[in-house]
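One file, entry19.tsv, carrying TSV, C-alpha atoms and all ligand atoms:
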chain	number	residue	atom	x	y	z
C	1	MET	CA	0.81	21.55	2.97
C	2	SER	CA	3.63	21.86	5.51
C	3	GLN	CA	6.05	24.15	7.24
C	4	LYS	CA	9.57	24.51	5.86
C	5	VAL	CA	12.21	22.31	7.45
C	6	PRO	CA	14.28	24.35	9.91
C	7	PRO	CA	17.66	22.89	8.91
C	8	ALA	CA	19.44	23.74	12.15
C	9	GLU	CA	17.01	21.75	14.31
C	10	LEU	CA	17.06	18.80	11.95
C	11	SER	CA	20.86	18.85	11.82
C	12	ALA	CA	20.91	18.89	15.63
C	13	CYS	CA	18.85	15.68	15.59
C	14	GLN	CA	21.14	14.21	12.95
C	15	ALA	CA	24.08	14.70	15.30
C	16	LEU	CA	22.45	12.58	18.06
C	17	SER	CA	23.21	8.90	18.60
C	18	PRO	CA	20.53	6.31	17.71
C	19	GLU	CA	20.15	5.55	21.45
C	20	GLU	CA	19.52	9.22	22.32
C	21	LEU	CA	17.05	9.57	19.43
C	22	THR	CA	15.22	6.39	20.39
C	23	SER	CA	14.87	7.58	23.96
C	24	ARG	CA	13.62	11.05	22.88
C	25	ILE	CA	11.10	9.38	20.53
C	26	GLY	CA	10.05	7.09	23.41
C	27	ARG	CA	9.38	10.11	25.65
C	28	VAL	CA	6.99	11.66	23.11
C	29	ARG	CA	5.24	8.34	22.55
C	30	ALA	CA	4.80	7.84	26.30
C	31	ALA	CA	3.34	11.34	26.67
C	32	TRP	CA	0.86	10.79	23.84
C	33	GLY	CA	-0.07	7.14	24.53
C	34	SER	CA	-2.85	5.82	22.29
C	35	ARG	CA	-3.58	9.34	21.00
C	36	LEU	CA	-0.56	8.91	18.69
C	37	LEU	CA	-0.63	6.26	15.96
C	38	MET	CA	2.67	5.41	14.29
C	39	LEU	CA	2.13	3.42	11.10
C	40	GLY	CA	5.01	1.70	9.28
C	41	HIS	CA	5.15	0.10	5.85
C	42	HIS	CA	6.91	-3.28	5.55
C	43	TYR	CA	9.70	-1.72	3.43
C	44	GLN	CA	10.71	0.63	6.22
C	45	ARG	CA	14.16	0.54	7.83
C	46	ASP	CA	14.47	-1.75	10.85
C	47	ASP	CA	15.23	0.92	13.47
C	48	VAL	CA	12.12	2.85	12.41
C	49	ILE	CA	9.73	-0.10	11.96
C	50	ALA	CA	10.67	-1.31	15.46
C	51	LEU	CA	9.11	1.87	16.88
C	52	CYS	CA	5.84	1.72	14.91
C	53	ASP	CA	2.56	0.72	16.59
C	54	LEU	CA	1.32	-1.07	13.50
C	55	ARG	CA	3.07	-2.31	10.41
C	56	GLY	CA	1.39	-3.43	7.23
C	57	ASP	CA	1.13	-3.43	3.47
C	58	SER	CA	-0.44	-0.43	1.83
C	59	TYR	CA	-3.97	-1.91	2.03
C	60	GLN	CA	-3.66	-2.77	5.72
C	61	LEU	CA	-2.27	0.68	6.55
C	62	ALA	CA	-5.11	2.40	4.67
C	63	ALA	CA	-7.66	0.24	6.47
C	64	GLN	CA	-6.04	1.01	9.84
C	65	ALA	CA	-6.08	4.75	9.17
C	66	ALA	CA	-9.77	4.44	8.25
C	67	ALA	CA	-10.69	2.41	11.33
C	68	ASN	CA	-8.85	4.18	14.14
C	69	GLY	CA	-11.18	6.57	15.93
C	70	ALA	CA	-9.12	7.13	19.09
C	71	CYS	CA	-5.89	8.68	17.83
C	72	ARG	CA	-5.28	12.42	17.64
C	73	ALA	CA	-2.20	12.32	15.38
C	74	ILE	CA	-0.78	9.89	12.84
C	75	VAL	CA	2.92	9.69	12.06
C	76	PHE	CA	3.31	7.85	8.79
C	77	CYS	CA	6.55	5.92	8.31
C	78	GLY	CA	6.00	5.22	4.66
C	79	VAL	CA	5.86	7.36	1.53
C	80	HIS	CA	3.88	10.41	0.47
C	81	PHE	CA	0.93	8.74	-1.28
C	82	MET	CA	0.37	6.57	1.82
C	83	ALA	CA	0.26	9.63	4.09
C	84	GLU	CA	-2.18	11.37	1.70
C	85	THR	CA	-4.42	8.29	1.78
C	86	ALA	CA	-4.26	8.22	5.60
C	87	ASP	CA	-5.22	11.93	5.72
C	88	ILE	CA	-8.22	11.38	3.42
C	89	LEU	CA	-9.46	8.40	5.45
C	90	ALA	CA	-8.64	9.60	8.97
C	91	ASN	CA	-10.11	13.06	8.30
C	92	ARG	CA	-13.20	12.02	6.34
C	93	PRO	CA	-16.29	14.03	7.32
C	94	GLU	CA	-17.86	11.38	9.60
C	95	GLN	CA	-14.59	11.00	11.59
C	96	ILE	CA	-14.18	14.75	11.98
C	97	GLU	CA	-17.78	14.98	13.19
C	98	ARG	CA	-17.20	12.12	15.67
C	99	ARG	CA	-14.24	14.10	17.07
C	100	GLY	CA	-16.36	17.19	17.50
C	101	GLY	CA	-14.99	18.98	14.45
C	102	VAL	CA	-11.31	18.22	15.07
C	103	ARG	CA	-8.97	17.34	12.17
C	104	ILE	CA	-5.95	15.27	13.12
C	105	PRO	CA	-2.50	15.89	11.65
C	106	VAL	CA	-0.98	13.17	9.46
C	107	ILE	CA	2.77	13.67	9.54
C	108	LEU	CA	5.32	12.40	7.03
C	109	PRO	CA	8.67	12.86	8.82
C	110	ASP	CA	10.55	13.58	5.56
C	111	LEU	CA	8.65	15.20	2.70
C	112	ALA	CA	11.20	13.82	0.24
C	113	ALA	CA	9.84	10.33	0.91
C	114	GLY	CA	7.94	10.06	-2.38
C	115	CYS	CA	7.42	7.18	-4.81
C	116	SER	CA	8.95	7.25	-8.29
C	117	LEU	CA	6.13	5.06	-9.60
C	118	ALA	CA	3.47	7.44	-8.29
C	119	ASP	CA	5.34	10.30	-10.00
C	120	MET	CA	4.92	8.62	-13.41
C	121	ALA	CA	1.34	9.84	-13.87
C	122	ASP	CA	0.01	13.30	-13.10
C	123	ARG	CA	-3.47	14.77	-13.34
C	124	GLU	CA	-2.86	16.67	-16.56
C	125	GLN	CA	-1.50	13.59	-18.31
C	126	VAL	CA	-4.40	11.41	-17.17
C	127	GLU	CA	-7.00	14.02	-18.14
C	128	ASP	CA	-5.34	14.38	-21.53
C	129	CYS	CA	-5.36	10.59	-21.95
C	130	TRP	CA	-9.07	10.44	-21.02
C	131	ALA	CA	-9.91	13.20	-23.52
C	132	GLN	CA	-7.98	11.48	-26.30
C	133	LEU	CA	-9.59	8.12	-25.51
C	134	ALA	CA	-13.02	9.75	-25.68
C	135	GLU	CA	-12.34	10.48	-29.36
C	136	VAL	CA	-12.08	6.77	-30.20
C	137	ILE	CA	-14.01	4.85	-27.51
C	138	ASP	CA	-17.04	5.52	-25.33
C	139	PRO	CA	-15.78	6.92	-21.99
C	140	ASP	CA	-19.06	5.79	-20.34
C	141	ASP	CA	-17.89	2.24	-21.02
C	142	LEU	CA	-14.43	2.79	-19.44
C	143	THR	CA	-13.57	2.48	-15.72
C	144	PRO	CA	-10.45	4.24	-14.44
C	145	ILE	CA	-8.55	2.25	-11.80
C	146	THR	CA	-5.64	3.81	-10.00
C	147	TYR	CA	-3.10	1.82	-8.04
C	148	VAL	CA	-2.89	3.33	-4.54
C	149	ASN	CA	0.69	4.33	-5.48
C	150	SER	CA	-0.59	7.54	-7.05
C	151	THR	CA	-1.37	11.12	-6.06
C	152	ALA	CA	-4.62	12.02	-4.29
C	153	GLU	CA	-5.57	13.96	-7.45
C	154	LEU	CA	-5.62	10.76	-9.49
C	155	LYS	CA	-7.68	8.99	-6.85
C	156	ALA	CA	-10.10	11.93	-7.08
C	157	PHE	CA	-10.17	11.57	-10.89
C	158	CYS	CA	-11.24	7.94	-10.43
C	159	GLY	CA	-13.88	8.94	-7.89
C	160	ARG	CA	-15.38	11.44	-10.37
C	161	HIS	CA	-15.41	9.01	-13.29
C	162	GLY	CA	-17.03	5.96	-11.65
C	163	GLY	CA	-13.70	4.30	-10.90
C	164	LEU	CA	-11.79	3.14	-7.86
C	165	VAL	CA	-8.46	2.67	-6.15
C	166	CYS	CA	-6.73	-0.69	-5.74
C	167	THR	CA	-3.67	-1.98	-3.92
C	168	SER	CA	-1.58	-4.99	-4.81
C	169	ALA	CA	-3.73	-6.93	-2.31
C	170	ASN	CA	-7.03	-6.36	-4.13
C	171	ALA	CA	-6.22	-5.46	-7.76
C	172	ARG	CA	-8.01	-8.58	-9.01
C	173	LEU	CA	-11.20	-7.71	-7.09
C	174	ALA	CA	-10.99	-4.14	-8.38
C	175	LEU	CA	-10.71	-5.25	-12.01
C	176	GLU	CA	-13.56	-7.75	-11.56
C	177	TRP	CA	-15.65	-4.94	-10.03
C	178	ALA	CA	-14.86	-2.77	-13.04
C	179	PHE	CA	-15.76	-5.50	-15.55
C	180	THR	CA	-19.17	-6.08	-13.99
C	181	ARG	CA	-20.00	-2.43	-14.73
C	182	ARG	CA	-18.24	-1.51	-17.96
C	183	SER	CA	-16.42	-3.44	-20.63
C	184	ARG	CA	-13.04	-1.64	-20.45
C	185	ALA	CA	-10.65	-0.31	-17.82
C	186	LEU	CA	-7.85	2.26	-17.83
C	187	PHE	CA	-5.27	1.11	-15.27
C	188	PHE	CA	-2.58	3.49	-13.97
C	189	PRO	CA	0.22	4.09	-13.16
C	190	ASP	CA	1.82	0.60	-12.81
C	191	GLN	CA	1.73	-1.34	-16.07
C	192	HIS	CA	3.03	-4.53	-14.42
C	193	LEU	CA	0.37	-4.81	-11.71
C	194	GLY	CA	-2.27	-4.03	-14.37
C	195	ARG	CA	-0.93	-6.57	-16.86
C	196	ASN	CA	-0.34	-9.34	-14.30
C	197	THR	CA	-3.82	-8.89	-12.86
C	198	ALA	CA	-5.65	-8.68	-16.20
C	199	LYS	CA	-3.73	-11.69	-17.53
C	200	ALA	CA	-4.73	-13.75	-14.48
C	201	LEU	CA	-8.36	-12.87	-15.31
C	202	GLY	CA	-7.90	-14.20	-18.85
C	203	VAL	CA	-7.52	-10.91	-20.76
C	204	PRO	CA	-5.27	-11.60	-23.80
C	205	LEU	CA	-2.12	-9.47	-24.10
C	206	GLU	CA	-3.21	-8.10	-27.48
C	207	ARG	CA	-6.21	-6.51	-25.74
C	208	MET	CA	-3.98	-4.62	-23.28
C	209	PRO	CA	-2.41	-1.71	-25.20
C	210	LEU	CA	0.22	0.35	-23.39
C	211	TRP	CA	-0.43	4.09	-23.06
C	212	ASN	CA	2.72	6.19	-23.34
C	213	PRO	CA	1.88	9.63	-21.87
C	214	ASN	CA	4.77	11.19	-23.83
C	215	ALA	CA	3.65	9.93	-27.25
C	216	PRO	CA	2.26	12.68	-29.51
C	217	LYS	CA	-1.04	10.90	-30.22
C	218	LEU	CA	-3.25	8.22	-28.63
C	219	GLY	CA	-0.46	7.19	-26.28
C	220	GLY	CA	1.41	5.67	-29.21
C	221	ASN	CA	-1.49	3.35	-30.19
C	222	THR	CA	-3.73	3.03	-33.19
C	223	ALA	CA	-7.41	3.85	-32.78
C	224	GLU	CA	-8.16	0.25	-33.76
C	225	ALA	CA	-5.94	-1.18	-30.96
C	226	LEU	CA	-7.75	1.02	-28.44
C	227	ARG	CA	-11.18	-0.04	-29.75
C	228	ARG	CA	-10.16	-3.69	-29.32
C	229	SER	CA	-8.82	-3.08	-25.80
C	230	ARG	CA	-10.15	-4.46	-22.52
C	231	VAL	CA	-7.50	-2.93	-20.26
C	232	ILE	CA	-5.44	0.09	-21.26
C	233	LEU	CA	-2.19	0.07	-19.26
C	234	TRP	CA	-0.27	3.19	-18.27
C	235	ARG	CA	3.46	3.03	-18.98
C	236	GLY	CA	4.67	3.30	-15.35
C	237	PHE	CA	6.83	0.95	-13.31
C	238	CYS	CA	8.56	0.63	-9.94
C	239	CYS	CA	12.33	0.92	-10.29
C	240	VAL	CA	12.86	-1.53	-7.39
C	241	HIS	CA	10.65	-4.33	-8.79
C	242	GLN	CA	11.47	-3.73	-12.45
C	243	VAL	CA	14.96	-5.22	-11.97
C	244	PHE	CA	13.84	-8.80	-11.22
C	245	GLN	CA	14.49	-11.16	-14.11
C	246	PRO	CA	13.32	-14.65	-15.14
C	247	GLN	CA	16.96	-15.89	-15.23
C	248	GLN	CA	17.23	-15.25	-11.48
C	249	ILE	CA	14.33	-17.65	-10.94
C	250	GLU	CA	15.89	-20.29	-13.19
C	251	ARG	CA	19.21	-19.99	-11.31
C	252	PHE	CA	17.54	-20.46	-7.92
C	253	ARG	CA	15.54	-23.46	-9.13
C	254	ALA	CA	18.70	-25.08	-10.51
C	255	GLN	CA	20.83	-24.40	-7.42
C	256	HIS	CA	18.20	-25.00	-4.68
C	257	PRO	CA	15.89	-27.90	-5.60
C	258	GLY	CA	12.49	-27.59	-3.93
C	259	ILE	CA	12.76	-23.81	-3.51
C	260	LYS	CA	9.56	-21.76	-3.87
C	261	ILE	CA	9.60	-18.38	-5.58
C	262	ILE	CA	7.23	-15.63	-4.45
C	263	VAL	CA	7.27	-12.14	-5.98
C	264	HIS	CA	5.45	-8.83	-5.73
C	265	PRO	CA	2.99	-8.20	-8.62
C	266	GLU	CA	4.88	-4.98	-9.50
C	267	CYS	CA	7.47	-7.34	-11.06
C	268	PRO	CA	7.41	-7.77	-14.85
C	269	MET	CA	5.04	-10.41	-16.27
C	270	GLU	CA	7.92	-12.72	-17.32
C	271	VAL	CA	8.95	-12.93	-13.65
C	272	VAL	CA	5.42	-13.32	-12.21
C	273	ASP	CA	4.63	-16.06	-14.78
C	274	ARG	CA	7.64	-18.15	-13.69
C	275	ALA	CA	7.14	-17.66	-9.93
C	276	ASP	CA	5.16	-20.06	-7.73
C	277	ALA	CA	3.14	-17.18	-6.31
C	278	ALA	CA	2.73	-13.41	-6.48
C	279	GLY	CA	1.24	-11.18	-3.82
C	280	SER	CA	1.33	-7.98	-1.83
C	281	THR	CA	3.94	-7.51	0.89
C	282	GLY	CA	1.32	-8.71	3.41
C	283	ALA	CA	0.64	-11.84	1.32
C	284	ILE	CA	4.38	-12.56	1.03
C	285	ILE	CA	4.75	-12.38	4.83
C	286	ARG	CA	1.73	-14.66	5.35
C	287	ALA	CA	3.12	-17.24	2.91
C	288	VAL	CA	6.38	-17.42	4.89
C	289	GLU	CA	4.63	-17.44	8.29
C	290	GLU	CA	2.43	-20.34	7.20
C	291	SER	CA	5.36	-22.47	5.95
C	292	PRO	CA	6.94	-25.30	7.94
C	293	PRO	CA	10.55	-25.25	9.23
C	294	GLY	CA	12.99	-26.10	6.46
C	295	ALA	CA	10.92	-24.38	3.74
C	296	LYS	CA	13.05	-22.63	1.10
C	297	TRP	CA	12.07	-19.30	-0.44
C	298	ALA	CA	13.50	-16.86	-2.96
C	299	ILE	CA	11.55	-13.61	-2.61
C	300	GLY	CA	11.23	-10.89	-5.24
C	301	THR	CA	10.54	-7.69	-3.37
C	302	GLU	CA	12.24	-4.82	-1.49
C	303	PRO	CA	15.31	-5.96	0.49
C	304	HIS	CA	14.39	-4.50	3.92
C	305	LEU	CA	11.38	-6.80	4.06
C	306	VAL	CA	13.29	-9.86	2.83
C	307	GLU	CA	16.16	-9.31	5.29
C	308	ARG	CA	13.63	-8.93	8.14
C	309	LEU	CA	11.88	-12.17	7.12
C	310	LYS	CA	15.26	-13.92	7.14
C	311	ARG	CA	15.92	-12.78	10.70
C	312	GLU	CA	12.41	-13.52	11.96
C	313	HIS	CA	12.34	-17.00	10.39
C	314	PRO	CA	15.75	-18.61	10.98
C	315	GLU	CA	13.98	-22.00	10.78
C	316	GLN	CA	13.51	-21.41	7.03
C	317	GLU	CA	15.96	-20.74	4.21
C	318	ILE	CA	15.13	-17.33	2.75
C	319	HIS	CA	16.90	-15.59	-0.14
C	320	LEU	CA	16.46	-12.29	-1.92
C	321	LEU	CA	15.69	-13.17	-5.55
C	322	SER	CA	18.10	-10.56	-6.94
C	323	PRO	CA	21.46	-10.51	-5.14
C	324	ALA	CA	22.25	-6.90	-6.14
C	325	LEU	CA	18.99	-5.13	-5.37
C	326	HIS	CA	18.91	-1.63	-3.87
C	327	PRO	CA	16.35	-0.74	-1.22
C	328	CYS	CA	13.52	1.68	-1.98
C	329	GLU	CA	15.47	4.94	-1.73
C	330	THR	CA	12.52	7.09	-0.79
C	331	MET	CA	11.06	4.79	1.86
C	332	GLN	CA	14.35	4.76	3.75
C	333	ARG	CA	14.45	8.55	3.95
C	334	ILE	CA	12.31	8.19	7.06
C	335	ASP	CA	15.09	7.73	9.59
C	336	LEU	CA	15.47	8.25	13.35
C	337	PRO	CA	16.60	11.91	13.09
C	338	HIS	CA	13.58	12.88	10.95
C	339	LEU	CA	11.26	10.87	13.17
C	340	GLY	CA	12.66	12.42	16.37
C	341	TRP	CA	12.53	15.91	14.89
C	342	ALA	CA	8.93	15.49	13.72
C	343	LEU	CA	7.75	14.00	17.02
C	344	GLU	CA	9.33	16.73	19.13
C	345	HIS	CA	7.56	19.36	17.02
C	346	LEU	CA	4.28	17.52	17.51
C	347	GLN	CA	4.92	17.46	21.26
C	348	ALA	CA	5.62	21.19	21.21
C	349	GLY	CA	2.24	21.80	19.56
C	350	ALA	CA	3.76	22.90	16.22
C	351	PRO	CA	3.59	19.84	13.94
C	352	VAL	CA	5.79	19.90	10.83
C	353	ASN	CA	5.43	18.06	7.51
C	354	VAL	CA	1.66	17.75	7.87
C	355	ILE	CA	0.11	16.18	4.78
C	356	GLU	CA	-3.27	17.77	4.18
C	357	VAL	CA	-5.21	17.03	1.01
C	358	ASP	CA	-7.59	19.86	0.00
C	359	SER	CA	-11.28	19.23	0.70
C	360	GLU	CA	-12.51	18.87	-2.89
C	361	THR	CA	-9.77	16.40	-3.83
C	362	SER	CA	-10.35	14.51	-0.55
C	363	ARG	CA	-14.09	14.23	-1.20
C	364	ASP	CA	-13.67	12.67	-4.67
C	365	ALA	CA	-10.67	10.53	-3.70
C	366	LEU	CA	-12.67	9.21	-0.74
C	367	THR	CA	-15.38	8.00	-3.14
C	368	ALA	CA	-12.75	5.92	-5.01
C	369	LEU	CA	-11.12	4.70	-1.79
C	370	GLN	CA	-14.46	3.68	-0.28
C	371	ARG	CA	-15.27	1.64	-3.39
C	372	MET	CA	-11.99	-0.19	-2.77
C	373	LEU	CA	-12.62	-0.70	0.95
C	374	GLU	CA	-16.05	-2.18	0.14
C	375	LEU	CA	-14.66	-4.76	-2.31
C	376	GLN	CA	-15.29	-8.38	-1.21
D	401	LIG	P1	2.14	-3.26	-0.95
D	401	LIG	O1	0.82	-2.79	-1.41
D	401	LIG	O2	2.35	-4.71	-1.23
D	401	LIG	O3	2.38	-2.89	0.45
D	401	LIG	O4	3.26	-2.56	-1.83
D	401	LIG	C1	3.41	-1.17	-1.83
D	401	LIG	C2	4.55	-0.78	-2.63
D	401	LIG	O5	4.89	0.38	-2.71
D	401	LIG	C3	5.25	-1.82	-3.35
D	401	LIG	O6	6.31	-1.29	-4.02
D	402	LIG	FE1	7.26	3.28	-4.90
D	402	LIG	FE2	8.65	1.16	-5.76
D	402	LIG	FE3	9.31	2.36	-3.46
D	402	LIG	FE4	7.05	0.91	-3.65
D	402	LIG	S1	9.15	0.16	-3.82
D	402	LIG	S2	7.26	2.92	-2.69
D	402	LIG	S3	6.42	1.39	-5.77
D	402	LIG	S4	9.40	3.26	-5.55

Could you take the file, read its structure, and then write that structure out as structure tokens?
Amino acid sequence: MSQKVPPAELSACQALSPEELTSRIGRVRAAWGSRLLMLGHHYQRDDVIALCDLRGDSYQLAAQAAANGACRAIVFCGVHFMAETADILANRPEQIERRGGVRIPVILPDLAAGCSLADMADREQVEDCWAQLAEVIDPDDLTPITYVNSTAELKAFCGRHGGLVCTSANARLALEWAFTRRSRALFFPDQHLGRNTAKALGVPLERMPLWNPNAPKLGGNTAEALRRSRVILWRGFCCVHQVFQPQQIERFRAQHPGIKIIVHPECPMEVVDRADAAGSTGAIIRAVEESPPGAKWAIGTEPHLVERLKREHPEQEIHLLSPALHPCETMQRIDLPHLGWALEHLQAGAPVNVIEVDSETSRDALTALQRMLELQ
């Protein structure tokens, strides 16, 4: 997948000042022009996001990677599953053919930028779950849906079994798509996004059993509960969004009359139910941008994004819903030294940390991603 990090060169970059790193990064960007696409997720650190060509939520970034035909390299300032998705979309067969057979490198400046939620389901566990479910329900009547925060292997699993990928921006459309085809869905790995979305579509909680991949049998459920199910939820969660609590909402409402609460759908159901709105990072930004001066918000998502919104909208009163929230640890591993180091290697013709999904996995994952991109 990638070359090993030469520690000496990286440490040399780590010893440089932010100004020196920014200017070195600028030199590589100027040399590459529009042939280099730097994509940044909204949770990224400020000094890094300021250098990105495009910023977006995970749906927007996937769509941009799919659409861009001109670039010859992508540097992904996000986390591993996002770079895998960009590789699958940017190097899909028709794009490679359009470029005359050329694959483009998708670079993740620090390979340790993973996602703890994505790590909560692996291929073996999901295949085992599917096999166990097949003993009690008809698998031909079950659609697997994977949140984009998952490995390429799980996206491929969905592609092979008539399922699809979703992001927090289109989970409702994905579940509706699934219900028009089959009567049940298996939703992984984020239980909260699955539960919040299914509940909004009217699925009762008692028809959403939770699958514990570590339970000895049937994910800790009875066969009867699984036969009654409409959506089987995987027991995964995001450690950043899991910490929001309903009491925080009550406190803000009591102390700031007229305040609106908006949260990410990875938050627990008790939080989403009490909020005024829930949406992807892109939807949260749009809600603030469309509000008049003087609007008051408490926002339940990653602090880098909330702090940036505060600075970009001084005409509004913006609070982070949880005062003691830590940033996404893995997202912020992409820093100026890693970015500078990765870009200088690209410039030297020896790219490092290239994320390359194998062709069979890419083919099946692309099927599931294309079903998502076609959702209306
Ligand atoms: P978005 O899809 O809203 O960008 O969120 C991605 C993510 O990782 C949230 O934790
Ligand atoms: Fe993963 Fe949570 Fe970080 Fe998003 S915020 S990348 S779900 S760990």

task: Give me the residues within 6 Å of range 156-160 of chain C as number ranges by chain, counting only C-alpha atoms and dropping any in the same chain fewer than 2 places off.
output: C: 144, 153-154, 162-164, 361, 364-365, 367-368

Report the centre and edge lengths, in Å to one decimal, of an axis-aligned box enclosing every atom of ligand LIG 402 (chain D) listed in the file, padded by 3 Å on each side, as AutoDock Vina command-line options.
--center_x 7.9 --center_y 1.7 --center_z -4.2 --size_x 9.0 --size_y 9.1 --size_z 9.1

- request: Output the neighbourhood of ligand LIG 401 (chain D) as a PyMOL selection string, that is, all protein and nucleic acid residues with some atom at most 6 Å from the ligand, counting only C-alpha atoms and all ligand atoms.
  value: chain C and resi 57-59+167-168+280-281

task: In Å, rounded to a single decimal, give me how far CA of Pro246 in chain C is from CA of Ala278 in chain C.
output: 13.7 Å

- prompt: Please, which residues are within 12 Å of (-15.9, 0.0, -31.3) by the file's coordinates, counting only C-alpha atoms, and could they come as a list in words?
  reply: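 Nearby residues: Leu133, Ala134, Glu135, Val136, Ile137, Asp138, Pro139, Asp141, Ser183, Arg184, Ala223, Glu224, Ala225, Leu226, Arg227, Arg228, Ser229 and Arg230 of chain C.
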
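When all atoms listed in the file are used to compute distances to ligand LIG 402 (chain D), the closest of the residues C:Gly202, C:Gly236, C:Gly33, C:Pro93 turns out to be C:Gly236.
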
- request: With a distance cut-off of 10 Å and only C-alpha atoms, select the neighbouring residues of Leu175 in chain C, excluding the residue or stretch itself and same-chain residues fewer than 3 positions from it, and output the selection as JSON, numbers by chain.
  value: {"C": [143, 144, 145, 164, 166, 170, 171, 172, 178, 179, 180, 184, 185, 186, 187, 194, 197, 198, 201, 231]}

How would the residues just picked look written out with C-alpha atoms as a PDB file, in the frame of the given file?
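Once everything was written out, this is again_10.pdb:
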ATOM      1  CA  THR C 143     -13.570   2.480 -15.720  1.00  0.00           C
ATOM      2  CA  PRO C 144     -10.450   4.240 -14.440  1.00  0.00           C
ATOM      3  CA  ILE C 145      -8.550   2.250 -11.800  1.00  0.00           C
ATOM      4  CA  LEU C 164     -11.790   3.140  -7.860  1.00  0.00           C
ATOM      5  CA  CYS C 166      -6.730  -0.690  -5.740  1.00  0.00           C
ATOM      6  CA  ASN C 170      -7.030  -6.360  -4.130  1.00  0.00           C
ATOM      7  CA  ALA C 171      -6.220  -5.460  -7.760  1.00  0.00           C
ATOM      8  CA  ARG C 172      -8.010  -8.580  -9.010  1.00  0.00           C
ATOM      9  CA  ALA C 178     -14.860  -2.770 -13.040  1.00  0.00           C
ATOM     10  CA  PHE C 179     -15.760  -5.500 -15.550  1.00  0.00           C
ATOM     11  CA  THR C 180     -19.170  -6.080 -13.990  1.00  0.00           C
ATOM     12  CA  ARG C 184     -13.040  -1.640 -20.450  1.00  0.00           C
ATOM     13  CA  ALA C 185     -10.650  -0.310 -17.820  1.00  0.00           C
ATOM     14  CA  LEU C 186      -7.850   2.260 -17.830  1.00  0.00           C
ATOM     15  CA  PHE C 187      -5.270   1.110 -15.270  1.00  0.00           C
ATOM     16  CA  GLY C 194      -2.270  -4.030 -14.370  1.00  0.00           C
ATOM     17  CA  THR C 197      -3.820  -8.890 -12.860  1.00  0.00           C
ATOM     18  CA  ALA C 198      -5.650  -8.680 -16.200  1.00  0.00           C
ATOM     19  CA  LEU C 201      -8.360 -12.870 -15.310  1.00  0.00           C
ATOM     20  CA  VAL C 231      -7.500  -2.930 -20.260  1.00  0.00           C
TER      21      VAL C 231
END

message: Here is a test: counting only C-alpha atoms and all ligand atoms, which residue of C:His41, C:Arg27, C:Arg274, C:Arg235 is nearest to ligand LIG 402 (chain D)?
response: C:His41

message: Taking only C-alpha atoms and all ligand atoms and a cut-off of 7 Å, can you tell me which residues surround ligand LIG 402 (chain D), written as JSON, numbers by chain?
response: {"C": [79, 115, 116, 117, 118, 149, 238, 239, 240, 241, 302, 328, 329, 330, 331]}

field: Using only C-alpha atoms: which of C:Arg371, C:His345, C:His304, C:Arg251 has the shortest distance to Leu173 in chain C
entry: C:Arg371

query: Looking at only C-alpha atoms, which of C:Leu375, C:Ile261, C:Leu325, C:Cys267 is the one that sits closest to Ala287 in chain C?
result: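 Using only C-alpha atoms, the shortest distance to Ala287 in chain C belongs to C:Ile261.
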
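Across the structure, CA of His192 in chain C and CA of Gln245 in chain C are spaced 13.2 Å apart.
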
message: When you count all atoms listed in the file, which of these residues is closest to Gln95 in chain C: C:Ile334, C:Gly279, C:Ser23, C:Asn68?
response: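 Looking at the shortest contact to Gln95 in chain C, the residue is C:Asn68.
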
task: Tell me which of C:Ala254, C:Gln370, C:Glu206, C:His161 sits closest to Leu142 in chain C, counting only C-alpha atoms.
output: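 Ranking C:Ala254, C:Gln370, C:Glu206, C:His161 by distance to Leu142 in chain C, first place goes to C:His161.
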
message: Given the point (-13.2, 16.7, 15.5) in the file's coordinates, find the residues that have an atom at most 12 Å from it, counting all atoms listed in the file, and give them as a list in words.
response: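 Within the cut-off we find Gly69, Ala70, Cys71, Arg72, Ala73, Ala90, Asn91, Arg92, Pro93, Glu94, Gln95, Ile96, Glu97, Arg98, Arg99, Gly100, Gly101, Val102, Arg103, Ile104 and Pro105 of chain C.
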
Determine, using only C-alpha atoms, which residues of range 59-97 of chain C have any atom at most 12 Å from an atom of range 106-111 of chain C, and tabulate each with its shortest atom pair and distance in Å to one decimal place, rows ordered by chain and then rising number, as a tab-separated table.
residue	atom	partner	partner_atom	distance
C:Ala65	CA	C:Val106	CA	9.8
C:Cys71	CA	C:Val106	CA	10.7
C:Arg72	CA	C:Val106	CA	9.3
C:Ala73	CA	C:Val106	CA	6.1
C:Ile74	CA	C:Val106	CA	4.7
C:Val75	CA	C:Ile107	CA	4.7
C:Phe76	CA	C:Leu108	CA	5.3
C:Cys77	CA	C:Leu108	CA	6.7
C:Gly78	CA	C:Leu108	CA	7.6
C:Val79	CA	C:Leu108	CA	7.5
C:His80	CA	C:Leu108	CA	7.0
C:Phe81	CA	C:Leu108	CA	10.1
C:Met82	CA	C:Leu108	CA	9.3
C:Ala83	CA	C:Leu108	CA	6.5
C:Glu84	CA	C:Val106	CA	8.1
C:Thr85	CA	C:Val106	CA	9.7
C:Ala86	CA	C:Val106	CA	7.1
C:Asp87	CA	C:Val106	CA	5.8
C:Ile88	CA	C:Val106	CA	9.6
C:Leu89	CA	C:Val106	CA	10.5
C:Ala90	CA	C:Val106	CA	8.5
C:Asn91	CA	C:Val106	CA	9.2
